[in-house]
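Peer 1: I am attaching a structure below and will ask some questions about it afterwards.
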Amino acid sequence: MTFMAWNRPHLLDIESLTPEEILTVLDTALAFKAVGARAIKKVPALRGKTVVNLFVEPSTRTRISFELAEQRLSADIINFTTEASSLKKGETLKDTARNLEALNADFIVIRHSASGAPHFLARSIGAHVINAGDGAHEHPTKALLDLFTIRERKGRIAGLNVTILGDILYSRVARSDIWALTKLGAKVTLCGPSTLVPRVFEEMGCRVTHNVEEAIRDADIINLLRIQHERQRKTMFPGINEYTQLYGLNQDRLARTKPDALIMHPGPVNRGVEIDSRIADCDRSLILEQVTNGLAVRMAVLFLVNGGKGPQEITVG
Amino acid sequence: MTFMAWNRPHLLDIESLTPEEILTVLDTALAFKAVGARAIKKVPALRGKTVVNLFVEPSTRTRISFELAEQRLSADIINFTTEASSLKKGETLKDTARNLEALNADFIVIRHSASGAPHFLARSIGAHVINAGDGAHEHPTKALLDLFTIRERKGRIAGLNVTILGDILYSRVARSDIWALTKLGAKVTLCGPSTLVPRVFEEMGCRVTHNVEEAIRDADIINLLRIQHERQRKTMFPGINEYTQLYGLNQDRLARTKPDALIMHPGPVNRGVEIDSRIADCDRSLILEQVTNGLAVRMAVLFLVNGGKGPQEITVG
Amino acid sequence: MTFMAWNRPHLLDIESLTPEEILTVLDTALAFKAVGARAIKKVPALRGKTVVNLFVEPSTRTRISFELAEQRLSADIINFTTEASSLKKGETLKDTARNLEALNADFIVIRHSASGAPHFLARSIGAHVINAGDGAHEHPTKALLDLFTIRERKGRIAGLNVTILGDILYSRVARSDIWALTKLGAKVTLCGPSTLVPRVFEEMGCRVTHNVEEAIRDADIINLLRIQHERQRKTMFPGINEYTQLYGLNQDRLARTKPDALIMHPGPVNRGVEIDSRIADCDRSLILEQVTNGLAVRMAVLFLVNGGKGPQEITVG
């Protein structure tokens, strides 16, 4: 258990966190994970506080994970799902935010298609802001749950070889993962089509390769990104079948990894595209553990930005 | 009050229930109905438990009835409404279910267009599963609320003549009702156009007739099914006007029923189609009582699958 | 603090309220406003009561404000958003209402495109009904929050000059404001294009003018209505640019108002259309205070229709 260090009112990105702050989230999440296994899965930490889930870009999974975390902390919850287009027509994001502030919202969990929207919100209003994914920028709670899962299974992060495979350029998950992993001393390899994994990522301290065999050979963790049909730029992306052939994790490729290499994926999985269906379900897959840990990590983040000083403060509801 | 008999972790259908299990639900619902009439309509039975309402087919009424039941049991509730088409694209039902399990959902209330979806879910995951309607297969809580309502008004079920009128072939309500009524000793008559009420239902122990006068003449209960314009197969179904003329319950037909015959309908009512508007509102209509009782029955089901042993355990919230 | 006078089970409109009743809402809201500033923003006044937000016409803002008010009163909440078209197809408003009554709903907060829908509901069922906006008829909680805001900032209502500017004819906010302001002794001026501000409003005790300079010259309060592009009848409404030029509140016009004149707007603001963006954000703008006060007013209304006798009864949750 590390020294508790958290004084931030928001969680906007991983880039600005110190390694100690990241470890504080992980340790706090560990205490909250135990809450999830109890018969009564609630603590009163946010009783009488209002959390607004402001999802300007749709996301059922992330919204449900946050909503469950908020319920388990006994918060009052408002779901506000809208589209950027309708916000633009009548009202700016700033107007929406100031209205929520005028309603005494204590927390705003924001998902937005525009990079930087959570930072803008945090500068504009007094509520605690948590980034639930902004454009192609960051998705910090995803990275934190990835770190939590890796540490839980491998016992450490420093010195591990972590390979991220897929559309790195447009992935906020990849970007947050890279920041988090490198801050804690992992060696990160990025792999995918050259149009989607440009050399510029070497400046973030990563190894870049377009050869999948080389990328996975000595990996302790292989983190696959979801191929998102609807978002990939046509000119940059090969066909789905071609991607599967060149970069998909299949049985042949898995056989050439280290025997204790573990497989991660942010979900939802495109079975048969970026990952063979049996691999998704095998005992080296951490996909469902990531989901479970996501809930604990989001409880920890809400607890810490609210001024919670660490797991020793967590009491039963 | 019967002997309490319930050891099932799920409610998937009526077909597999024993008469004693059905009566246990009805007796438990009776205790919960009293809760609904109190100023504070809550008991703490599911405090700290998470219920996911997974509606893969839309249904405002059934969803609201379940949600109210869950609130009154003090559960935490996640509403997850989606469409089978969008689930198919990215993710199988099994993946969705395993994700909800990874989030430590305690209960999944599922409505799905595919028959057998709740059974599949119950085999796949550890959460309690409650069938809120699957394809043309079953809708068990509807049948239980029908039984509850009949027993409350008639004092018994055994020996009653119950006529179900409408599109039996494609109705999950009819199918669950038939199982429930015959298990408890009622004599069930099915009536409607021959394409929608085939003779094969005689194997379930029902009388089948296509003559509405014969069907309603000695009925103690006349249970009308909703004519669902959007679902009826064109080739099997006469026009709406023709249906109303041939099978609709109008004043003339009502005059030829037993004076104490009672009218039921699962709602929402198509006034002037399967039922005359004044009959829907008359004092022989149980339609609104069915709605009230549905809430108590759903509370009872949630309570029992959670391990509750009967009404004596129900405490005030 | 005035004498507490409230015995109504519903809030349907402002027209039928007495000045004493209006003041009772304002005084009760004052006590609830203090609750919103506490760390734990809840009172147990509606614990175990069910509130249905029946929004037959979409409105994110008003729905969120009511939902927050209900949460802070510890109510159980059902959100039922639908469209008049789908209600019409299968089911009348009366059927919907009687179903909600059969589910023992204690409160129905209704927004509906048809004038009089809340009154119809209140005659049909036993639940408390609160009008959250009906057609072009009334929006009583908006008027009450406007009065609350004016009284808080000006110390009184009687004798103030209040100008309402915009599409008066089709505005339920304007209609409720006119009733509320005139009942409490304010002098109301209406201004806008002649097609939208007919002389008939003089019968409600207002001054009507189509000259904006005259309307705002001696105003203590300038209440701007939102220009709703989608609703304005083409034949009655000038172009947006022309409206802005003729009636928009810009810096030039503001300079010719009394120095302590305050600006109100029901939101969401069309910046640059009915109001200059800087004016919306200046310290004479009460727009965000209106939002904050709306929450307190809605808590007060729910509390009073439930039989609460006044602020002295408000206890901490």
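Chain identifiers are assigned as A, B, and so on, following the order in which chains appear in the structure tokens; residues are numbered from 1 within each chain, and ligands are numbered from 1 in order of appearance.
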After a least-squares superposition on chain C over all sequentially paired C-alpha atoms, what is chain A as a compact mmCIF listing (two decimals) with C-alpha atoms, in the first residue's frame?
Peer 2:
# COMPACT_ATOMS: atom_id res chain seq x y z
CA MET A 1 -42.67 35.42 6.13
CA THR A 2 -46.37 35.32 5.24
CA PHE A 3 -49.12 33.21 6.70
CA MET A 4 -48.93 29.70 5.24
CA ALA A 5 -51.87 29.03 2.94
CA TRP A 6 -51.94 25.99 0.73
CA ASN A 7 -54.59 23.32 0.49
CA ARG A 8 -54.43 22.29 -3.15
CA PRO A 9 -53.62 18.71 -4.17
CA HIS A 10 -52.35 19.86 -7.58
CA LEU A 11 -50.51 22.71 -9.27
CA LEU A 12 -52.25 23.12 -12.61
CA ASP A 13 -51.90 26.79 -13.43
CA ILE A 14 -51.24 30.22 -11.97
CA GLU A 15 -54.58 31.63 -13.07
CA SER A 16 -56.51 29.95 -10.27
CA LEU A 17 -54.04 30.71 -7.44
CA THR A 18 -54.57 33.44 -4.87
CA PRO A 19 -51.75 35.88 -4.10
CA GLU A 20 -51.44 34.22 -0.68
CA GLU A 21 -50.95 30.81 -2.27
CA ILE A 22 -48.28 32.18 -4.56
CA LEU A 23 -46.47 33.75 -1.62
CA THR A 24 -46.66 30.46 0.28
CA VAL A 25 -44.83 28.72 -2.56
CA LEU A 26 -42.17 31.45 -2.60
CA ASP A 27 -41.63 31.29 1.16
CA THR A 28 -41.43 27.50 1.12
CA ALA A 29 -38.97 27.64 -1.78
CA LEU A 30 -36.81 30.00 0.26
CA ALA A 31 -36.39 27.29 2.89
CA PHE A 32 -35.63 24.67 0.24
CA LYS A 33 -33.05 26.92 -1.43
CA ALA A 34 -30.97 26.60 1.73
CA VAL A 35 -31.11 22.80 1.38
CA GLY A 36 -29.45 23.07 -2.05
CA ALA A 37 -26.40 24.74 -0.55
CA ARG A 38 -25.78 22.03 2.05
CA ALA A 39 -23.28 19.20 1.66
CA ILE A 40 -26.10 16.65 1.85
CA LYS A 41 -28.85 18.13 -0.25
CA LYS A 42 -31.69 15.83 0.78
CA VAL A 43 -34.76 15.89 2.97
CA PRO A 44 -36.98 12.85 3.56
CA ALA A 45 -40.28 14.61 2.75
CA LEU A 46 -41.29 12.26 -0.11
CA ARG A 47 -39.55 9.08 1.00
CA GLY A 48 -41.47 6.03 -0.25
CA LYS A 49 -43.57 8.15 -2.63
CA THR A 50 -43.50 7.59 -6.38
CA VAL A 51 -43.26 10.49 -8.81
CA VAL A 52 -43.81 9.86 -12.52
CA ASN A 53 -42.34 12.43 -14.89
CA LEU A 54 -44.73 12.02 -17.81
CA PHE A 55 -43.17 14.03 -20.62
CA VAL A 56 -45.32 13.69 -23.73
CA GLU A 57 -43.34 16.58 -25.24
CA PRO A 58 -39.57 16.47 -24.90
CA SER A 59 -37.80 18.83 -22.47
CA THR A 60 -34.43 17.91 -21.06
CA ARG A 61 -34.01 20.98 -18.87
CA THR A 62 -37.36 21.04 -17.17
CA ARG A 63 -37.24 17.28 -16.70
CA ILE A 64 -33.82 17.44 -15.05
CA SER A 65 -34.89 20.27 -12.76
CA PHE A 66 -37.94 18.31 -11.62
CA GLU A 67 -35.94 15.10 -11.29
CA LEU A 68 -33.35 16.82 -9.08
CA ALA A 69 -36.13 18.33 -6.96
CA GLU A 70 -37.68 14.87 -6.56
CA GLN A 71 -34.34 13.27 -5.64
CA ARG A 72 -33.71 15.93 -3.00
CA LEU A 73 -37.09 15.12 -1.50
CA SER A 74 -36.08 11.40 -1.46
CA ALA A 75 -38.89 10.31 -3.82
CA ASP A 76 -38.79 7.25 -6.07
CA ILE A 77 -38.79 8.46 -9.66
CA ILE A 78 -40.07 7.01 -12.92
CA ASN A 79 -39.21 8.85 -16.14
CA PHE A 80 -41.81 8.20 -18.80
CA THR A 81 -40.93 10.08 -21.96
CA THR A 82 -43.15 9.47 -24.94
CA GLU A 83 -44.65 11.26 -27.90
CA ALA A 84 -48.23 12.32 -28.34
CA SER A 85 -48.30 10.48 -31.65
CA SER A 86 -47.43 7.12 -30.10
CA LEU A 87 -49.86 7.70 -27.25
CA LYS A 88 -52.61 8.44 -29.74
CA LYS A 89 -51.98 5.27 -31.72
CA GLY A 90 -52.55 2.79 -28.98
CA GLU A 91 -53.87 4.53 -25.98
CA THR A 92 -55.49 7.71 -24.79
CA LEU A 93 -53.94 10.06 -22.22
CA LYS A 94 -56.70 8.93 -19.88
CA ASP A 95 -55.67 5.29 -20.26
CA THR A 96 -52.04 6.18 -19.57
CA ALA A 97 -53.06 8.15 -16.51
CA ARG A 98 -55.31 5.45 -15.13
CA ASN A 99 -52.54 2.92 -15.58
CA LEU A 100 -50.16 5.12 -13.61
CA GLU A 101 -52.84 5.47 -10.95
CA ALA A 102 -53.26 1.69 -10.86
CA LEU A 103 -49.51 1.51 -10.21
CA ASN A 104 -50.09 3.71 -7.14
CA ALA A 105 -48.15 6.67 -8.54
CA ASP A 106 -48.40 9.46 -5.96
CA PHE A 107 -47.41 12.35 -8.23
CA ILE A 108 -47.56 12.92 -11.96
CA VAL A 109 -45.47 15.75 -13.35
CA ILE A 110 -46.85 16.25 -16.84
CA ARG A 111 -45.52 18.07 -19.88
CA HIS A 112 -47.90 17.87 -22.82
CA SER A 113 -48.37 19.59 -26.16
CA ALA A 114 -52.13 19.89 -25.56
CA SER A 115 -53.41 22.79 -23.46
CA GLY A 116 -55.47 21.52 -20.55
CA ALA A 117 -53.89 18.05 -20.38
CA PRO A 118 -52.88 18.49 -16.68
CA HIS A 119 -56.40 19.64 -15.73
CA PHE A 120 -57.87 16.63 -17.50
CA LEU A 121 -55.46 14.37 -15.64
CA ALA A 122 -56.30 15.92 -12.29
CA ARG A 123 -60.00 15.29 -12.87
CA SER A 124 -59.38 11.71 -14.00
CA ILE A 125 -57.15 10.25 -11.30
CA GLY A 126 -56.22 10.39 -7.65
CA ALA A 127 -52.52 11.28 -7.95
CA HIS A 128 -51.17 14.76 -7.37
CA VAL A 129 -50.71 16.47 -10.74
CA ILE A 130 -48.11 19.15 -11.47
CA ASN A 131 -48.17 21.02 -14.76
CA ALA A 132 -44.70 21.16 -16.29
CA GLY A 133 -45.96 23.01 -19.37
CA ASP A 134 -49.13 22.40 -21.40
CA GLY A 135 -49.32 23.60 -24.98
CA ALA A 136 -49.45 27.38 -25.24
CA HIS A 137 -51.46 27.53 -22.00
CA GLU A 138 -49.37 27.69 -18.80
CA HIS A 139 -46.04 26.72 -17.29
CA PRO A 140 -46.70 27.58 -13.65
CA THR A 141 -43.40 26.54 -12.06
CA LYS A 142 -41.55 28.82 -14.51
CA ALA A 143 -43.66 31.79 -13.39
CA LEU A 144 -43.13 30.92 -9.73
CA LEU A 145 -39.37 30.76 -10.17
CA ASP A 146 -39.47 34.09 -11.99
CA LEU A 147 -41.38 35.66 -9.10
CA PHE A 148 -39.02 34.11 -6.57
CA THR A 149 -36.00 35.50 -8.44
CA ILE A 150 -37.50 38.98 -8.80
CA ARG A 151 -38.52 39.15 -5.13
CA GLU A 152 -35.10 37.93 -4.00
CA ARG A 153 -33.29 40.60 -6.02
CA LYS A 154 -35.72 43.50 -5.81
CA GLY A 155 -37.16 42.81 -2.37
CA ARG A 156 -40.72 43.09 -3.65
CA ILE A 157 -42.98 42.50 -6.62
CA ALA A 158 -45.80 45.01 -6.19
CA GLY A 159 -45.26 48.22 -8.11
CA LEU A 160 -42.38 46.94 -10.27
CA ASN A 161 -42.42 47.50 -14.02
CA VAL A 162 -41.90 44.14 -15.69
CA THR A 163 -41.53 43.95 -19.48
CA ILE A 164 -41.95 40.64 -21.30
CA LEU A 165 -40.45 40.71 -24.79
CA GLY A 166 -40.98 38.18 -27.56
CA ASP A 167 -43.58 35.75 -28.88
CA ILE A 168 -46.25 36.31 -26.23
CA LEU A 169 -49.12 34.73 -28.16
CA TYR A 170 -47.71 31.21 -28.21
CA SER A 171 -45.77 31.33 -24.94
CA ARG A 172 -47.01 29.42 -21.91
CA VAL A 173 -44.23 31.03 -19.89
CA ALA A 174 -45.51 34.49 -20.77
CA ARG A 175 -49.08 33.55 -19.93
CA SER A 176 -48.14 32.16 -16.50
CA ASP A 177 -45.86 35.13 -15.83
CA ILE A 178 -48.63 37.60 -16.65
CA TRP A 179 -51.03 35.92 -14.24
CA ALA A 180 -48.44 35.71 -11.47
CA LEU A 181 -47.07 39.23 -11.83
CA THR A 182 -50.42 40.96 -12.05
CA LYS A 183 -51.79 39.01 -9.07
CA LEU A 184 -48.90 40.31 -6.97
CA GLY A 185 -49.28 43.89 -8.15
CA ALA A 186 -46.53 44.29 -10.77
CA LYS A 187 -47.20 46.44 -13.84
CA VAL A 188 -46.68 44.24 -16.89
CA THR A 189 -45.73 45.50 -20.36
CA LEU A 190 -45.79 43.12 -23.32
CA CYS A 191 -43.78 43.83 -26.44
CA GLY A 192 -43.00 42.08 -29.73
CA PRO A 193 -44.22 41.91 -33.32
CA SER A 194 -47.90 42.87 -33.57
CA THR A 195 -48.83 39.42 -34.90
CA LEU A 196 -47.39 37.82 -31.76
CA VAL A 197 -48.50 40.44 -29.21
CA PRO A 198 -52.13 41.23 -29.99
CA ARG A 199 -54.08 43.94 -28.15
CA VAL A 200 -56.28 41.28 -26.53
CA PHE A 201 -53.67 40.91 -23.78
CA GLU A 202 -54.76 44.31 -22.47
CA GLU A 203 -57.74 42.45 -21.04
CA MET A 204 -55.34 40.61 -18.73
CA GLY A 205 -54.31 43.99 -17.31
CA CYS A 206 -51.14 44.45 -19.35
CA ARG A 207 -49.83 47.35 -21.36
CA VAL A 208 -49.22 46.25 -24.97
CA THR A 209 -46.70 48.00 -27.20
CA HIS A 210 -44.84 47.09 -30.36
CA ASN A 211 -42.11 49.64 -29.76
CA VAL A 212 -39.20 48.06 -27.94
CA GLU A 213 -37.66 51.35 -26.80
CA GLU A 214 -40.91 52.34 -25.14
CA ALA A 215 -41.24 48.87 -23.59
CA ILE A 216 -37.85 48.77 -21.89
CA ARG A 217 -37.39 52.45 -20.99
CA ASP A 218 -38.82 52.34 -17.47
CA ALA A 219 -38.64 48.57 -16.88
CA ASP A 220 -37.27 47.23 -13.58
CA ILE A 221 -37.24 43.71 -15.07
CA ILE A 222 -36.86 42.77 -18.73
CA ASN A 223 -37.97 39.16 -19.28
CA LEU A 224 -36.95 37.89 -22.71
CA LEU A 225 -38.65 34.90 -24.25
CA ARG A 226 -36.75 32.35 -26.24
CA ILE A 227 -37.28 32.55 -29.98
CA GLN A 228 -38.20 29.00 -30.89
CA HIS A 229 -37.37 28.58 -34.54
CA GLU A 230 -39.23 25.36 -34.90
CA ARG A 231 -42.54 26.53 -33.51
CA GLN A 232 -43.10 30.02 -34.82
CA ARG A 233 -45.68 30.21 -37.53
CA LYS A 234 -44.07 31.38 -40.73
CA THR A 235 -46.81 33.77 -41.63
CA MET A 236 -46.75 35.44 -38.24
CA PHE A 237 -43.08 35.75 -37.63
CA PRO A 238 -40.49 37.97 -39.28
CA GLY A 239 -37.13 36.46 -40.18
CA ILE A 240 -34.71 35.76 -37.32
CA ASN A 241 -32.37 38.55 -38.43
CA GLU A 242 -35.24 40.98 -38.65
CA TYR A 243 -36.43 39.96 -35.18
CA THR A 244 -32.97 40.52 -33.72
CA GLN A 245 -32.77 43.92 -35.34
CA LEU A 246 -36.22 45.03 -34.23
CA TYR A 247 -36.56 43.36 -30.81
CA GLY A 248 -33.26 41.77 -29.76
CA LEU A 249 -31.72 43.11 -26.54
CA ASN A 250 -28.38 44.54 -27.59
CA GLN A 251 -25.88 46.91 -25.94
CA ASP A 252 -27.47 50.01 -27.49
CA ARG A 253 -30.86 49.14 -26.13
CA LEU A 254 -29.50 48.11 -22.75
CA ALA A 255 -27.84 51.53 -22.45
CA ARG A 256 -31.27 53.12 -22.63
CA THR A 257 -32.75 51.07 -19.76
CA LYS A 258 -32.76 52.03 -16.09
CA PRO A 259 -29.31 51.30 -14.60
CA ASP A 260 -30.76 48.81 -12.14
CA ALA A 261 -32.99 47.01 -14.62
CA LEU A 262 -32.41 43.26 -14.46
CA ILE A 263 -32.52 40.78 -17.34
CA MET A 264 -34.34 37.43 -17.22
CA HIS A 265 -34.69 34.61 -19.75
CA PRO A 266 -36.24 31.15 -19.31
CA GLY A 267 -33.39 29.48 -21.24
CA PRO A 268 -31.91 28.00 -23.27
CA VAL A 269 -30.58 31.27 -24.65
CA ASN A 270 -30.18 31.86 -28.39
CA ARG A 271 -27.08 34.01 -28.08
CA GLY A 272 -27.10 36.77 -30.68
CA VAL A 273 -30.79 36.33 -31.48
CA GLU A 274 -33.12 37.58 -28.75
CA ILE A 275 -30.19 38.63 -26.54
CA ASP A 276 -26.63 39.80 -27.07
CA SER A 277 -24.22 37.20 -25.73
CA ARG A 278 -22.44 39.60 -23.36
CA ILE A 279 -25.73 40.74 -21.85
CA ALA A 280 -26.64 37.11 -21.12
CA ASP A 281 -23.46 36.82 -19.07
CA CYS A 282 -23.36 40.27 -17.44
CA ASP A 283 -24.04 40.91 -13.77
CA ARG A 284 -27.48 42.29 -14.52
CA SER A 285 -28.50 38.91 -15.96
CA LEU A 286 -30.48 36.65 -13.62
CA ILE A 287 -30.55 33.70 -16.02
CA LEU A 288 -28.53 31.26 -13.91
CA GLU A 289 -30.21 32.38 -10.67
CA GLN A 290 -33.49 31.47 -12.34
CA VAL A 291 -32.17 27.95 -12.89
CA THR A 292 -31.06 27.60 -9.27
CA ASN A 293 -34.33 28.98 -7.97
CA GLY A 294 -36.34 26.69 -10.26
CA LEU A 295 -35.10 23.72 -8.32
CA ALA A 296 -36.11 25.21 -4.96
CA VAL A 297 -39.52 26.23 -6.32
CA ARG A 298 -40.17 22.72 -7.68
CA MET A 299 -39.21 21.18 -4.35
CA ALA A 300 -41.64 23.58 -2.67
CA VAL A 301 -44.47 22.72 -5.06
CA LEU A 302 -44.03 18.97 -4.60
CA PHE A 303 -43.84 19.45 -0.85
CA LEU A 304 -46.99 21.60 -0.69
CA VAL A 305 -49.25 19.52 -2.96
CA ASN A 306 -48.25 16.54 -0.81
CA GLY A 307 -49.87 18.28 2.16
CA GLY A 308 -46.80 20.04 3.56
CA LYS A 309 -47.95 23.09 5.45
CA GLY A 310 -44.86 25.25 5.07
CA PRO A 311 -41.13 25.63 5.59
CA GLN A 312 -41.27 25.06 9.34
CA GLU A 313 -41.92 21.37 8.56
CA ILE A 314 -38.78 20.87 6.51
CA THR A 315 -36.38 18.51 8.25
CA VAL A 316 -32.97 17.27 7.33
CA GLY A 317 -32.57 13.91 5.52
Peer 1: List every residue of range 146-249 of chain A that DSSP, applied to the backbone of this structure, assigns to strand (DSSP E), and report them as a PDB file with N, CA and C atoms, in the first residue's frame.
Peer 2:
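Written file, result.pdb:
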ATOM      1  N   ASN A 161       6.580  -5.784 -20.515  1.00  0.00           N
ATOM      2  CA  ASN A 161       6.424  -5.442 -21.931  1.00  0.00           C
ATOM      3  C   ASN A 161       4.936  -5.455 -22.276  1.00  0.00           C
ATOM      4  N   VAL A 162       4.417  -4.287 -22.610  1.00  0.00           N
ATOM      5  CA  VAL A 162       2.999  -4.179 -22.943  1.00  0.00           C
ATOM      6  C   VAL A 162       2.864  -3.767 -24.407  1.00  0.00           C
ATOM      7  N   THR A 163       2.161  -4.579 -25.186  1.00  0.00           N
ATOM      8  CA  THR A 163       1.951  -4.270 -26.602  1.00  0.00           C
ATOM      9  C   THR A 163       0.503  -3.837 -26.829  1.00  0.00           C
ATOM     10  N   ILE A 164       0.338  -2.688 -27.466  1.00  0.00           N
ATOM     11  CA  ILE A 164      -0.998  -2.209 -27.827  1.00  0.00           C
ATOM     12  C   ILE A 164      -1.130  -2.339 -29.337  1.00  0.00           C
ATOM     13  N   LEU A 165      -2.201  -2.989 -29.774  1.00  0.00           N
ATOM     14  CA  LEU A 165      -2.330  -3.422 -31.166  1.00  0.00           C
ATOM     15  C   LEU A 165      -3.630  -2.864 -31.741  1.00  0.00           C
ATOM     16  N   LYS A 187       7.345  -1.017 -20.526  1.00  0.00           N
ATOM     17  CA  LYS A 187       7.898  -0.775 -21.852  1.00  0.00           C
ATOM     18  C   LYS A 187       6.779  -1.012 -22.866  1.00  0.00           C
ATOM     19  N   VAL A 188       6.389   0.036 -23.571  1.00  0.00           N
ATOM     20  CA  VAL A 188       5.202  -0.030 -24.426  1.00  0.00           C
ATOM     21  C   VAL A 188       5.594  -0.178 -25.888  1.00  0.00           C
ATOM     22  N   THR A 189       5.008  -1.169 -26.551  1.00  0.00           N
ATOM     23  CA  THR A 189       5.160  -1.350 -27.997  1.00  0.00           C
ATOM     24  C   THR A 189       3.812  -1.095 -28.661  1.00  0.00           C
ATOM     25  N   LEU A 190       3.850  -0.301 -29.734  1.00  0.00           N
ATOM     26  CA  LEU A 190       2.621  -0.022 -30.483  1.00  0.00           C
ATOM     27  C   LEU A 190       2.728  -0.703 -31.839  1.00  0.00           C
ATOM     28  N   CYS A 191       1.630  -1.296 -32.277  1.00  0.00           N
ATOM     29  CA  CYS A 191       1.655  -2.011 -33.550  1.00  0.00           C
ATOM     30  C   CYS A 191       0.312  -1.885 -34.265  1.00  0.00           C
ATOM     31  N   ARG A 207       8.017   1.977 -28.380  1.00  0.00           N
ATOM     32  CA  ARG A 207       8.559   1.337 -29.566  1.00  0.00           C
ATOM     33  C   ARG A 207       7.419   1.233 -30.573  1.00  0.00           C
ATOM     34  N   VAL A 208       7.680   1.575 -31.833  1.00  0.00           N
ATOM     35  CA  VAL A 208       6.655   1.474 -32.875  1.00  0.00           C
ATOM     36  C   VAL A 208       7.085   0.418 -33.884  1.00  0.00           C
ATOM     37  N   THR A 209       6.203  -0.506 -34.181  1.00  0.00           N
ATOM     38  CA  THR A 209       6.499  -1.493 -35.224  1.00  0.00           C
ATOM     39  C   THR A 209       5.232  -1.797 -35.995  1.00  0.00           C
ATOM     40  N   ILE A 221       1.873  -8.434 -21.809  1.00  0.00           N
ATOM     41  CA  ILE A 221       0.463  -8.043 -21.965  1.00  0.00           C
ATOM     42  C   ILE A 221       0.247  -7.656 -23.425  1.00  0.00           C
ATOM     43  N   ILE A 222      -0.811  -8.195 -24.017  1.00  0.00           N
ATOM     44  CA  ILE A 222      -1.210  -7.773 -25.369  1.00  0.00           C
ATOM     45  C   ILE A 222      -2.584  -7.116 -25.253  1.00  0.00           C
ATOM     46  N   ASN A 223      -2.615  -5.801 -25.481  1.00  0.00           N
ATOM     47  CA  ASN A 223      -3.837  -5.018 -25.329  1.00  0.00           C
ATOM     48  C   ASN A 223      -4.376  -4.697 -26.719  1.00  0.00           C
ATOM     49  N   LEU A 224      -5.474  -5.343 -27.086  1.00  0.00           N
ATOM     50  CA  LEU A 224      -6.052  -5.150 -28.409  1.00  0.00           C
ATOM     51  C   LEU A 224      -7.058  -4.013 -28.374  1.00  0.00           C
TER      52      LEU A 224
END
Peer 1: Name the residues of range 166-300 of chain C that fall into helix (DSSP H, G or I) according to DSSP on the backbone, using the chain letters and numbers of this document, as a PyMOL selection string.
Peer 2: chain C and resi 172-183+199-204+212-217+240-247+251-255+277-281+287-300
